[in-house]
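File shown: work_27.pdb. Contents: PDB, C-alpha atoms.
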MODEL        1
ATOM      1  CA  MET A 171       4.245 -15.127 -35.318
ATOM      2  CA  GLN A 172       1.753 -14.310 -32.554
ATOM      3  CA  MET A 173       2.549 -11.049 -30.793
ATOM      4  CA  GLU A 174       0.401 -11.153 -27.657
ATOM      5  CA  ASN A 175       3.359 -12.525 -25.717
ATOM      6  CA  VAL A 176       6.881 -12.325 -27.113
ATOM      7  CA  SER A 177       9.815 -14.255 -25.690
ATOM      8  CA  GLY A 178      13.482 -13.760 -26.429
ATOM      9  CA  VAL A 179      16.346 -16.257 -26.520
ATOM     10  CA  THR A 180      19.877 -15.293 -25.572
ATOM     11  CA  LEU A 181      22.989 -16.243 -23.639
ATOM     12  CA  LEU A 182      23.846 -14.874 -20.222
ATOM     13  CA  TYR A 183      26.395 -12.084 -20.528
ATOM     14  CA  PRO A 184      26.875  -8.760 -18.683
ATOM     15  CA  GLU A 185      25.723  -6.432 -21.461
ATOM     16  CA  PHE A 186      22.427  -8.277 -21.743
ATOM     17  CA  LEU A 187      21.813  -7.714 -18.033
ATOM     18  CA  TYR A 188      22.715  -4.028 -18.296
ATOM     19  CA  GLY A 189      20.142  -3.601 -21.063
ATOM     20  CA  LEU A 190      17.513  -5.866 -19.537
ATOM     21  CA  LYS A 191      15.193  -3.044 -18.460
ATOM     22  CA  SER A 192      15.031  -1.828 -22.046
ATOM     23  CA  TYR A 193      14.427  -5.306 -23.440
ATOM     24  CA  SER A 194      11.691  -5.885 -20.864
ATOM     25  CA  LEU A 195       9.582  -3.064 -22.263
ATOM     26  CA  LEU A 196       9.200  -5.069 -25.470
ATOM     27  CA  PHE A 197       9.709  -8.715 -24.471
ATOM     28  CA  ASP A 198       7.577 -10.585 -21.936
ATOM     29  CA  LYS A 199       9.996 -13.395 -21.130
ATOM     30  CA  PHE A 200      13.578 -14.458 -21.831
ATOM     31  CA  TYR A 201      14.962 -17.960 -22.241
ATOM     32  CA  VAL A 202      18.586 -17.621 -21.172
ATOM     33  CA  TYR A 203      21.351 -20.174 -21.542
ATOM     34  CA  GLY A 204      23.689 -20.103 -18.547
ATOM     35  CA  LEU A 205      21.198 -18.466 -16.199
ATOM     36  CA  SER A 206      22.197 -20.754 -13.329
ATOM     37  CA  SER A 207      25.773 -19.448 -13.540
ATOM     38  CA  ILE A 208      24.749 -15.925 -12.464
ATOM     39  CA  PRO A 209      26.536 -16.243  -9.064
ATOM     40  CA  TYR A 210      29.847 -16.592 -10.926
ATOM     41  CA  LEU A 211      29.303 -13.806 -13.443
ATOM     42  CA  GLY A 212      31.473 -10.736 -12.944
ATOM     43  CA  VAL A 213      28.691  -8.186 -12.447
ATOM     44  CA  GLU A 214      27.472  -6.041  -9.566
ATOM     45  CA  GLU A 215      25.563  -7.698  -6.734
ATOM     46  CA  ASN A 216      22.473  -5.597  -7.425
ATOM     47  CA  LEU A 217      22.308  -7.060 -10.948
ATOM     48  CA  LYS A 218      22.519 -10.560  -9.525
ATOM     49  CA  ALA A 219      19.688  -9.683  -7.145
ATOM     50  CA  ASP A 220      17.659  -8.389 -10.104
ATOM     51  CA  VAL A 221      18.161 -11.704 -11.888
ATOM     52  CA  GLU A 222      16.916 -13.666  -8.880
ATOM     53  CA  PHE A 223      13.890 -11.371  -8.599
ATOM     54  CA  LEU A 224      13.049 -11.764 -12.296
ATOM     55  CA  LYS A 225      13.466 -15.532 -12.079
ATOM     56  CA  GLU A 226      10.859 -15.569  -9.318
ATOM     57  CA  LYS A 227       8.545 -13.475 -11.499
ATOM     58  CA  GLY A 228       9.010 -15.810 -14.470
ATOM     59  CA  VAL A 229      10.598 -13.109 -16.630
ATOM     60  CA  LEU A 230      13.938 -14.939 -16.845
ATOM     61  CA  VAL A 231      13.834 -18.671 -17.530
ATOM     62  CA  GLU A 232      16.675 -21.125 -18.041
ATOM     63  CA  LEU A 233      16.891 -22.345 -21.627
ATOM     64  CA  PRO A 234      16.035 -26.069 -21.541
ATOM     65  CA  LEU A 235      19.207 -28.144 -21.470
ATOM     66  CA  ASP A 236      17.939 -30.575 -24.100
ATOM     67  CA  VAL A 237      17.510 -27.648 -26.492
ATOM     68  CA  TRP A 238      21.097 -26.542 -25.972
ATOM     69  CA  ILE A 239      22.389 -30.083 -26.458
ATOM     70  CA  GLU A 240      20.502 -30.319 -29.754
ATOM     71  CA  VAL A 241      21.886 -26.931 -30.773
ATOM     72  CA  GLY A 242      25.459 -28.001 -30.096
ATOM     73  CA  LYS A 243      25.117 -31.257 -32.022
ATOM     74  CA  GLU A 244      23.467 -29.660 -35.032
ATOM     75  CA  ALA A 245      25.845 -26.705 -35.156
ATOM     76  CA  HIS A 246      28.994 -28.797 -35.203
ATOM     77  CA  ALA A 247      27.554 -30.981 -37.959
ATOM     78  CA  SER A 248      26.340 -28.004 -39.994
ATOM     79  CA  GLU A 249      28.059 -26.857 -43.160
ATOM     80  CA  ASP A 250      26.816 -23.328 -42.447
ATOM     81  CA  TYR A 251      28.582 -23.317 -39.096
ATOM     82  CA  LYS A 252      31.768 -24.612 -40.684
ATOM     83  CA  LYS A 253      31.460 -21.848 -43.254
ATOM     84  CA  LEU A 254      31.099 -19.308 -40.450
ATOM     85  CA  ILE A 255      34.073 -20.391 -38.359
ATOM     86  CA  ALA A 256      36.197 -20.599 -41.503
ATOM     87  CA  THR A 257      35.976 -16.800 -41.619
ATOM     88  CA  PHE A 258      37.475 -16.457 -38.132
ATOM     89  CA  ASP A 259      41.069 -15.546 -37.520
ATOM     90  CA  ASN A 260      42.144 -18.615 -35.574
ATOM     91  CA  ALA A 261      45.211 -16.834 -34.287
ATOM     92  CA  THR A 262      43.101 -14.354 -32.335
ATOM     93  CA  VAL A 263      40.058 -14.859 -30.136
ATOM     94  CA  ASN A 264      38.347 -11.494 -30.456
ATOM     95  CA  ALA A 265      34.967 -10.038 -29.576
ATOM     96  CA  GLU A 266      33.805 -10.038 -33.198
ATOM     97  CA  ASN A 267      34.409 -13.761 -33.630
ATOM     98  CA  VAL A 268      32.869 -14.619 -30.271
ATOM     99  CA  ALA A 269      29.781 -12.518 -30.992
ATOM    100  CA  SER A 270      29.268 -14.147 -34.387
ATOM    101  CA  ASP A 271      29.717 -17.592 -32.863
ATOM    102  CA  HIS A 272      27.269 -16.944 -30.032
ATOM    103  CA  ASP A 273      24.750 -15.341 -32.365
ATOM    104  CA  TYR A 274      24.766 -18.447 -34.535
ATOM    105  CA  PHE A 275      23.951 -20.611 -31.518
ATOM    106  CA  THR A 276      21.297 -18.148 -30.324
ATOM    107  CA  ARG A 277      19.504 -18.180 -33.675
ATOM    108  CA  LEU A 278      19.673 -21.951 -33.805
ATOM    109  CA  ALA A 279      18.296 -22.183 -30.250
ATOM    110  CA  SER A 280      15.367 -19.998 -31.291
ATOM    111  CA  ALA A 281      14.649 -22.337 -34.202
ATOM    112  CA  LYS A 282      14.805 -25.361 -31.885
ATOM    113  CA  MET A 283      12.381 -23.729 -29.463
ATOM    114  CA  ALA A 284       9.992 -23.084 -32.363
ATOM    115  CA  ALA A 285      10.176 -26.768 -33.289
ATOM    116  CA  LYS A 286       8.984 -27.525 -29.753
ATOM    117  CA  GLY A 287       6.040 -25.175 -30.176
ATOM    118  CA  VAL A 288       7.538 -22.178 -28.347
ATOM    119  CA  GLU A 289       7.920 -19.106 -30.553
ATOM    120  CA  THR A 290      10.883 -16.933 -29.635
ATOM    121  CA  VAL A 291      12.995 -14.140 -31.066
ATOM    122  CA  PRO A 292      16.803 -14.439 -30.982
ATOM    123  CA  ILE A 293      18.464 -11.503 -29.223
ATOM    124  CA  CYS A 294      21.762 -11.088 -31.025
ATOM    125  CA  GLU A 295      24.513  -8.533 -31.268
ATOM    126  CA  ARG A 296      25.227  -8.731 -34.972
ATOM    127  CA  GLU A 297      22.872  -8.640 -37.914
ATOM    128  CA  PHE A 298      22.378 -11.833 -39.885
ATOM    129  CA  PRO A 299      25.498 -12.367 -42.054
ATOM    130  CA  THR A 300      23.785 -12.150 -45.438
ATOM    131  CA  LYS A 301      27.123 -11.741 -47.234
ATOM    132  CA  LEU A 302      28.088 -15.191 -46.014
ATOM    133  CA  PHE A 303      24.784 -17.054 -46.254
ATOM    134  CA  GLY A 304      22.783 -14.936 -48.703
ATOM    135  CA  ALA A 305      19.916 -12.528 -48.049
ATOM    136  CA  LYS A 306      17.217 -15.081 -48.889
ATOM    137  CA  THR A 307      18.404 -17.483 -46.198
ATOM    138  CA  GLN A 308      17.335 -15.252 -43.299
ATOM    139  CA  PRO A 309      14.984 -17.191 -41.014
ATOM    140  CA  ARG A 310      11.619 -15.567 -40.308
ATOM    141  CA  GLU A 311      12.481 -15.086 -36.631
ATOM    142  CA  VAL A 312      15.660 -13.212 -37.621
ATOM    143  CA  VAL A 313      13.671 -10.785 -39.770
ATOM    144  CA  MET A 314      11.296 -10.274 -36.842
ATOM    145  CA  ALA A 315      14.231  -9.697 -34.494
ATOM    146  CA  ASN A 316      15.543  -6.918 -36.729
ATOM    147  CA  THR A 317      12.146  -5.204 -36.713
ATOM    148  CA  LEU A 318      11.786  -5.528 -32.938
ATOM    149  CA  ARG A 319      15.228  -3.965 -32.590
ATOM    150  CA  ILE A 320      13.923  -0.899 -34.419
ATOM    151  CA  GLY A 321      10.864  -0.867 -32.185
ATOM    152  CA  LEU A 322      13.080  -1.167 -29.121
ATOM    153  CA  ASN A 323      14.983   1.938 -30.145
ATOM    154  CA  ALA A 324      11.718   3.908 -30.150
ATOM    155  CA  LEU A 325      11.162   3.111 -26.473
ATOM    156  CA  PRO A 326      12.770   4.930 -23.524
ATOM    157  CA  THR A 327      15.691   3.466 -21.611
ATOM    158  CA  PRO A 328      14.920   3.123 -17.891
ATOM    159  CA  ASP A 329      18.071   3.668 -15.850
ATOM    160  CA  GLU A 330      19.234   2.051 -12.624
ATOM    161  CA  THR A 331      17.001   4.312 -10.494
ATOM    162  CA  CYS A 332      13.865   2.841 -12.053
ATOM    163  CA  ALA A 333      12.514   0.017  -9.886
ATOM    164  CA  TRP A 334      11.706  -3.309 -11.499
ATOM    165  CA  GLU A 335       8.344  -3.281  -9.749
ATOM    166  CA  ASP A 336       7.434  -0.107 -11.672
ATOM    167  CA  ILE A 337       8.451  -1.650 -14.992
ATOM    168  CA  LEU A 338       6.492  -4.856 -14.376
ATOM    169  CA  ARG A 339       3.452  -2.875 -13.215
ATOM    170  CA  PHE A 340       3.622  -0.711 -16.332
ATOM    171  CA  ARG A 341       3.859  -3.815 -18.535
ATOM    172  CA  ALA A 342       0.803  -5.318 -16.855
ATOM    173  CA  ASP A 343      -1.226  -2.116 -17.188
ATOM    174  CA  MET A 344      -0.177  -1.561 -20.809
ATOM    175  CA  LYS A 345      -0.416  -5.164 -22.005
ATOM    176  CA  GLY A 346      -3.006  -4.335 -24.663
ATOM    177  CA  GLU A 347      -1.041  -1.369 -25.978
ATOM    178  CA  ALA A 348       2.179  -3.406 -26.100
ATOM    179  CA  TRP A 349       0.372  -6.131 -28.027
ATOM    180  CA  GLY A 350      -0.907  -3.546 -30.509
ATOM    181  CA  PHE A 351       2.554  -2.060 -31.005
ATOM    182  CA  ARG A 352       4.131  -5.450 -31.638
ATOM    183  CA  ARG A 353       1.378  -6.362 -34.111
ATOM    184  CA  PHE A 354       2.120  -3.088 -35.870
ATOM    185  CA  LEU A 355       5.805  -4.026 -36.069
ATOM    186  CA  ARG A 356       4.929  -7.484 -37.381
ATOM    187  CA  ASP A 357       2.784  -5.972 -40.137
ATOM    188  CA  LEU A 358       5.655  -3.707 -41.141
ATOM    189  CA  THR A 359       7.883  -6.776 -41.361
ATOM    190  CA  ALA A 360       5.325  -8.669 -43.455
ATOM    191  CA  ASN A 361       5.302  -5.826 -45.977
ATOM    192  CA  GLU A 362       9.079  -6.235 -46.367
ATOM    193  CA  LYS A 363       9.762  -2.545 -45.916
ATOM    194  CA  PRO A 364      13.400  -1.433 -45.673
ATOM    195  CA  GLU A 365      14.639  -0.365 -42.256
ATOM    196  CA  SER A 366      14.569   3.345 -43.109
ATOM    197  CA  GLU A 367      10.874   3.149 -44.035
ATOM    198  CA  ILE A 368      10.029   1.193 -40.888
ATOM    199  CA  ARG A 369      11.652   3.912 -38.789
ATOM    200  CA  GLU A 370       9.741   6.583 -40.660
ATOM    201  CA  GLU A 371       6.440   4.719 -40.205
ATOM    202  CA  ILE A 372       6.987   4.489 -36.450
ATOM    203  CA  LYS A 373       7.867   8.192 -36.226
ATOM    204  CA  TRP A 374       4.829   9.188 -38.287
ATOM    205  CA  PHE A 375       2.350   7.079 -36.315
ATOM    206  CA  PHE A 376       3.865   8.305 -33.046
ATOM    207  CA  LYS A 377       3.577  11.925 -34.194
ATOM    208  CA  GLN A 378      -0.076  11.459 -35.146
ATOM    209  CA  TYR A 379      -0.958   9.858 -31.831
ATOM    210  CA  SER A 380       1.026  12.371 -29.796
ATOM    211  CA  GLU A 381      -0.667  15.354 -31.455
ATOM    212  CA  SER A 382      -4.097  13.762 -31.078
ATOM    213  CA  MET A 383      -3.555  13.163 -27.358
ATOM    214  CA  LYS A 384      -2.275  16.698 -26.814
ATOM    215  CA  THR A 385      -5.416  18.079 -28.447
ATOM    216  CA  HIS A 386      -7.657  15.842 -26.355
ATOM    217  CA  GLN A 387      -5.807  16.711 -23.144
ATOM    218  CA  LEU A 388      -6.202  20.419 -23.903
ATOM    219  CA  LYS A 389      -9.957  19.992 -24.363
ATOM    220  CA  SER A 390     -10.147  17.909 -21.189
ATOM    221  CA  SER A 391      -8.263  20.561 -19.230
ATOM    222  CA  LEU A 392     -10.769  23.222 -20.255
ATOM    223  CA  THR A 393     -13.655  20.932 -19.289
ATOM    224  CA  ALA A 394     -12.009  20.142 -15.956
ATOM    225  CA  ILE A 395     -12.152  23.806 -14.935
ATOM    226  CA  ASP A 396     -15.936  23.762 -15.306
ATOM    227  CA  VAL A 397     -16.181  20.408 -13.519
ATOM    228  CA  LEU A 398     -14.195  21.616 -10.515
ATOM    229  CA  MET A 399     -16.581  24.527 -10.057
ATOM    230  CA  ILE A 400     -19.619  22.223  -9.680
ATOM    231  CA  PRO A 401     -19.508  21.782  -5.882
ATOM    232  CA  PHE A 402     -18.894  25.447  -5.103
ATOM    233  CA  GLY A 403     -21.531  28.064  -4.522
ATOM    234  CA  VAL A 404     -21.796  31.565  -3.092
ATOM    235  CA  VAL A 405     -23.706  32.129   0.128
ATOM    236  CA  GLY A 406     -23.864  35.824   0.711
ATOM    237  CA  LYS A 407     -20.363  36.878  -0.213
ATOM    238  CA  VAL A 408     -18.687  33.641   0.908
ATOM    239  CA  LEU A 409     -17.597  30.844  -1.460
ATOM    240  CA  THR A 410     -18.771  27.565   0.091
ATOM    241  CA  PHE A 411     -18.425  23.863  -0.728
ATOM    242  CA  GLN A 412     -21.769  22.261  -1.515
ATOM    243  CA  TRP A 413     -21.506  18.634  -0.417
ATOM    244  CA  ALA A 414     -24.719  17.684  -2.178
ATOM    245  CA  GLU A 415     -22.987  18.349  -5.504
ATOM    246  CA  LEU A 416     -20.076  15.979  -4.778
ATOM    247  CA  PRO A 417     -21.632  12.948  -6.576
ATOM    248  CA  LYS A 418     -21.827  15.044  -9.744
ATOM    249  CA  LEU A 419     -18.110  15.737  -9.452
ATOM    250  CA  VAL A 420     -17.317  12.019  -9.162
ATOM    251  CA  VAL A 421     -19.511  11.190 -12.158
ATOM    252  CA  SER A 422     -17.868  13.949 -14.187
ATOM    253  CA  PHE A 423     -14.373  12.623 -13.505
ATOM    254  CA  LYS A 424     -15.425   9.080 -14.429
ATOM    255  CA  LYS A 425     -16.960  10.435 -17.613
ATOM    256  CA  ARG A 426     -13.675  12.130 -18.469
ATOM    257  CA  GLN A 427     -11.824   8.848 -17.954
ATOM    258  CA  VAL A 428     -14.202   7.081 -20.341
ATOM    259  CA  GLU A 429     -13.836   9.868 -22.896
ATOM    260  CA  LEU A 430     -10.052   9.643 -22.666
ATOM    261  CA  ARG A 431     -10.137   5.879 -23.210
ATOM    262  CA  GLU A 432     -12.429   6.285 -26.212
ATOM    263  CA  ALA A 433     -10.172   8.990 -27.624
ATOM    264  CA  GLU A 434      -7.130   6.719 -27.240
ATOM    265  CA  MET A 435      -8.864   3.870 -29.066
ATOM    266  CA  LYS A 436      -9.929   6.106 -31.968
ATOM    267  CA  ALA A 437      -6.830   8.296 -32.213
ATOM    268  CA  PRO A 438      -4.810   8.208 -35.441
ATOM    269  CA  GLY A 439      -1.482   6.517 -34.850
ATOM    270  CA  LYS A 440      -2.895   4.473 -31.938
ATOM    271  CA  GLU A 441      -0.552   1.657 -32.964
ATOM    272  CA  CYS A 442       2.203   3.640 -31.234
ATOM    273  CA  ALA A 443       0.213   4.381 -28.076
ATOM    274  CA  TYR A 444       2.527   2.080 -26.123
ATOM    275  CA  VAL A 445       5.585   4.096 -27.150
ATOM    276  CA  PHE A 446       3.828   7.337 -26.210
ATOM    277  CA  LYS A 447       2.836   6.079 -22.760
ATOM    278  CA  ALA A 448       6.229   4.498 -22.109
ATOM    279  CA  GLN A 449       7.939   7.785 -22.887
ATOM    280  CA  GLN A 450       5.554   9.559 -20.524
ATOM    281  CA  GLN A 451       6.099   7.010 -17.763
ATOM    282  CA  PHE A 452       9.872   6.936 -18.074
ATOM    283  CA  ARG A 453      10.458  10.373 -19.565
ATOM    284  CA  THR A 454      12.948  11.337 -16.858
ATOM    285  CA  GLN A 455      15.138   8.402 -17.801
ATOM    286  CA  SER A 456      17.883   8.563 -20.390
ATOM    287  CA  LYS A 457      17.176   7.645 -23.992
ATOM    288  CA  SER A 458      19.499   6.306 -26.647
ATOM    289  CA  ALA A 459      19.062   7.265 -30.260
ATOM    290  CA  GLU A 460      20.366   3.901 -31.365
ATOM    291  CA  ARG A 461      20.851   0.959 -29.057
ATOM    292  CA  ALA A 462      23.708  -1.338 -29.999
ATOM    293  CA  PHE A 463      23.745  -4.900 -28.767
ATOM    294  CA  THR A 464      27.251  -5.465 -27.445
ATOM    295  CA  ARG A 465      28.640  -8.723 -26.220
ATOM    296  CA  PRO A 466      31.842  -9.311 -24.218
ATOM    297  CA  ALA A 467      34.613 -11.573 -25.414
ATOM    298  CA  LEU A 468      33.593 -14.565 -23.322
ATOM    299  CA  SER A 469      33.741 -18.223 -24.205
ATOM    300  CA  TRP A 470      30.758 -20.407 -23.402
ATOM    301  CA  PRO A 471      30.816 -24.195 -23.115
ATOM    302  CA  ILE A 472      28.942 -26.151 -25.753
TER     303      ILE A 472
ENDMDL
END
Kindly transcribe the structure held in the file into structure tokens.
Amino acid sequence: MQMENVSGVTLLYPEFLYGLKSYSLLFDKFYVYGLSSIPYLGVEENLKADVEFLKEKGVLVELPLDVWIEVGKEAHASEDYKKLIATFDNATVNAENVASDHDYFTRLASAKMAAKGVETVPICEREFPTKLFGAKTQPREVVMANTLRIGLNALPTPDETCAWEDILRFRADMKGEAWGFRRFLRDLTANEKPESEIREEIKWFFKQYSESMKTHQLKSSLTAIDVLMIPFGVVGKVLTFQWAELPKLVVSFKKRQVELREAEMKAPGKECAYVFKAQQQFRTQSKSAERAFTRPALSWPI
């Protein structure tokens, strides 16, 4: 799976909207079934306004209707789907059953999008039911979704005070770093590492990069003191600003910027540079140690 641009597939439900700022730090675009029904969804008006804004920016896109029709037809004819709903307690419509049902359709929609040449990752609440279908039956996009979930938990959680414009600007500025981080996650998935090892790898690479940047910033701070003294001189007993030295100051600052960029590119653990910069950018926001994907007990038309 290419990781330069990553799109998610999901259904429209309140919890997805509440976590959208977090998802948007890792995903570029979302194909959402039911997006046009946002005016009737029981959420705050500011969330509805956010959806309209993100639709204009191309971040939220309606899942093609023909894809959903194909999903519905295939699901109801599938033995796997029959096997799934056979596990439900028909006497009770509960959140667990609804989540499992919706996740099945979401994963199938992702597969249908792939068949049309659009690679996506299903955003689901529950893990793939390996006890029901067997561990070896996990689709590749499901394995990737599990790894991205781990990567998502390494990123900060922007709260409601964080403007969408700031998030989109950060994504644009850090596009290369985000690409590198997602490639790193893909490689971890390809090596079939267990989840605990993937978490440890991310922590270790982040630690290496963080320590390297702290060392470089300390060196840069010491150099900056010398640089700032360039345009000053003493005339008699008076400290004066020497305007003729100003170009040297500008060149010195540009040189420091180049040195910082070179240090970032060579730093150990650079695969997690995106996580490091995201935590710096949104460090005043709340963070969750483990982000659970919750879904309300809603029924969606097929």
- Spatial neighbours of region 334-345 of chain A, 8 Å, all atoms listed in the file, chain gap at least 5 places, as a count of residues only: 5
- Message: Just the number, please: distance in Å from CA of Phe197 (chain A) to CA of Leu233 (chain A), one decimal.
- Response: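 CA of Leu233 (chain A) lies 15.7 Å from CA of Phe197 (chain A).
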- Name all residues at most 10 Å from Phe446 (chain A) (count all atoms listed in the file; drop same-chain ones fewer than 6 positions away) and give them as a PyMOL selection string. chain A and resi 324-326+347+376-377+379-380+383+440+453
- Item | Residues near region 245-253 of chain A, cut-off 9 Å, only C-alpha atoms, skip fewer than 3 positions along chain, as a ChimeraX atom specification | /A:240-242,256-257,271,274-275,278,302-303
- Would you kindly return, as number ranges by chain, each protein, DNA or RNA residue with an atom no farther than 10 Å from any atom of Glu441 (chain A), considering all atoms listed in the file and excluding same-chain residues fewer than 4 positions away? A: 347-355, 372, 375-376, 379, 435, 437, 445-446
Grab the residues selected above and save them as a short mmCIF file (atom, residue, chain, number, x, y, z; two decimals), in the coordinates of the input with C-alpha atoms.
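Once written, selection-v2.cif looks like this:
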data_model
loop_
_atom_site.label_atom_id
_atom_site.label_comp_id
_atom_site.auth_asym_id
_atom_site.auth_seq_id
_atom_site.Cartn_x
_atom_site.Cartn_y
_atom_site.Cartn_z
CA GLU A 347 -1.04 -1.37 -25.98
CA ALA A 348 2.18 -3.41 -26.10
CA TRP A 349 0.37 -6.13 -28.03
CA GLY A 350 -0.91 -3.55 -30.51
CA PHE A 351 2.55 -2.06 -31.00
CA ARG A 352 4.13 -5.45 -31.64
CA ARG A 353 1.38 -6.36 -34.11
CA PHE A 354 2.12 -3.09 -35.87
CA LEU A 355 5.80 -4.03 -36.07
CA ILE A 372 6.99 4.49 -36.45
CA PHE A 375 2.35 7.08 -36.32
CA PHE A 376 3.86 8.30 -33.05
CA TYR A 379 -0.96 9.86 -31.83
CA MET A 435 -8.86 3.87 -29.07
CA ALA A 437 -6.83 8.30 -32.21
CA VAL A 445 5.58 4.10 -27.15
CA PHE A 446 3.83 7.34 -26.21
#
- Need the neighbours of (8.5, -9.4, -30.6): which residues are at most 12 Å away, counting all atoms listed in the file, as a count of residues only? 46
All file atoms of region 348-357 of chain A boxed axis-aligned, 6 Å per side, centre plus edges, as lines of an AutoDock Vina configuration file:
center_x = 2.4
center_y = -4.8
center_z = -33.1
size_x = 18.7
size_y = 17.4
size_z = 26.0
- Between CA of Tyr188 (chain A) and CA of Thr327 (chain A) lies a distance of 10.8 Å
- Quote the spacing between CA of Ala265 (chain A) and CA of Thr180 (chain A) in Å to one decimal place.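 So the answer is 16.5 Å.
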- Query: Smallest atom-to-atom distance to Val213 (chain A): which of A:Ala285, A:Ala333, A:Leu358, A:Leu182, using all atoms listed in the file?
  - Reply: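 Closest candidate: A:Leu182.
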- Looking at A:Ser207, A:Gln378, A:Gln451, A:Thr331, which one is nearest to Pro184 (chain A), with distances taken over all atoms listed in the file?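 That would be A:Ser207, the residue with the smallest distance to Pro184 (chain A).
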- Task: Might you spell out which residues the PyMOL selection byres ((chain A and resi 212) around 12) would select in the displayed file, as an NGL selection string?
- Result: :A and (182-185 or 187 or 207-211 or 213-218 or 466 or 468)
- Counting all atoms listed in the file, the residue of A:Ser382, A:Ser280, A:Asn323, A:Ser366 that sits nearest Tyr201 (chain A):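 For Tyr201 (chain A), the nearest of the candidates is A:Ser280.
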- Task: Identify which of the residues A:Gln450, A:Ile368, A:Leu181, A:Glu381 lies closest to Glu295 (chain A), counting all atoms listed in the file when measuring atom-to-atom distances.
- Result: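 Smallest separation from Glu295 (chain A) among the options: A:Leu181.
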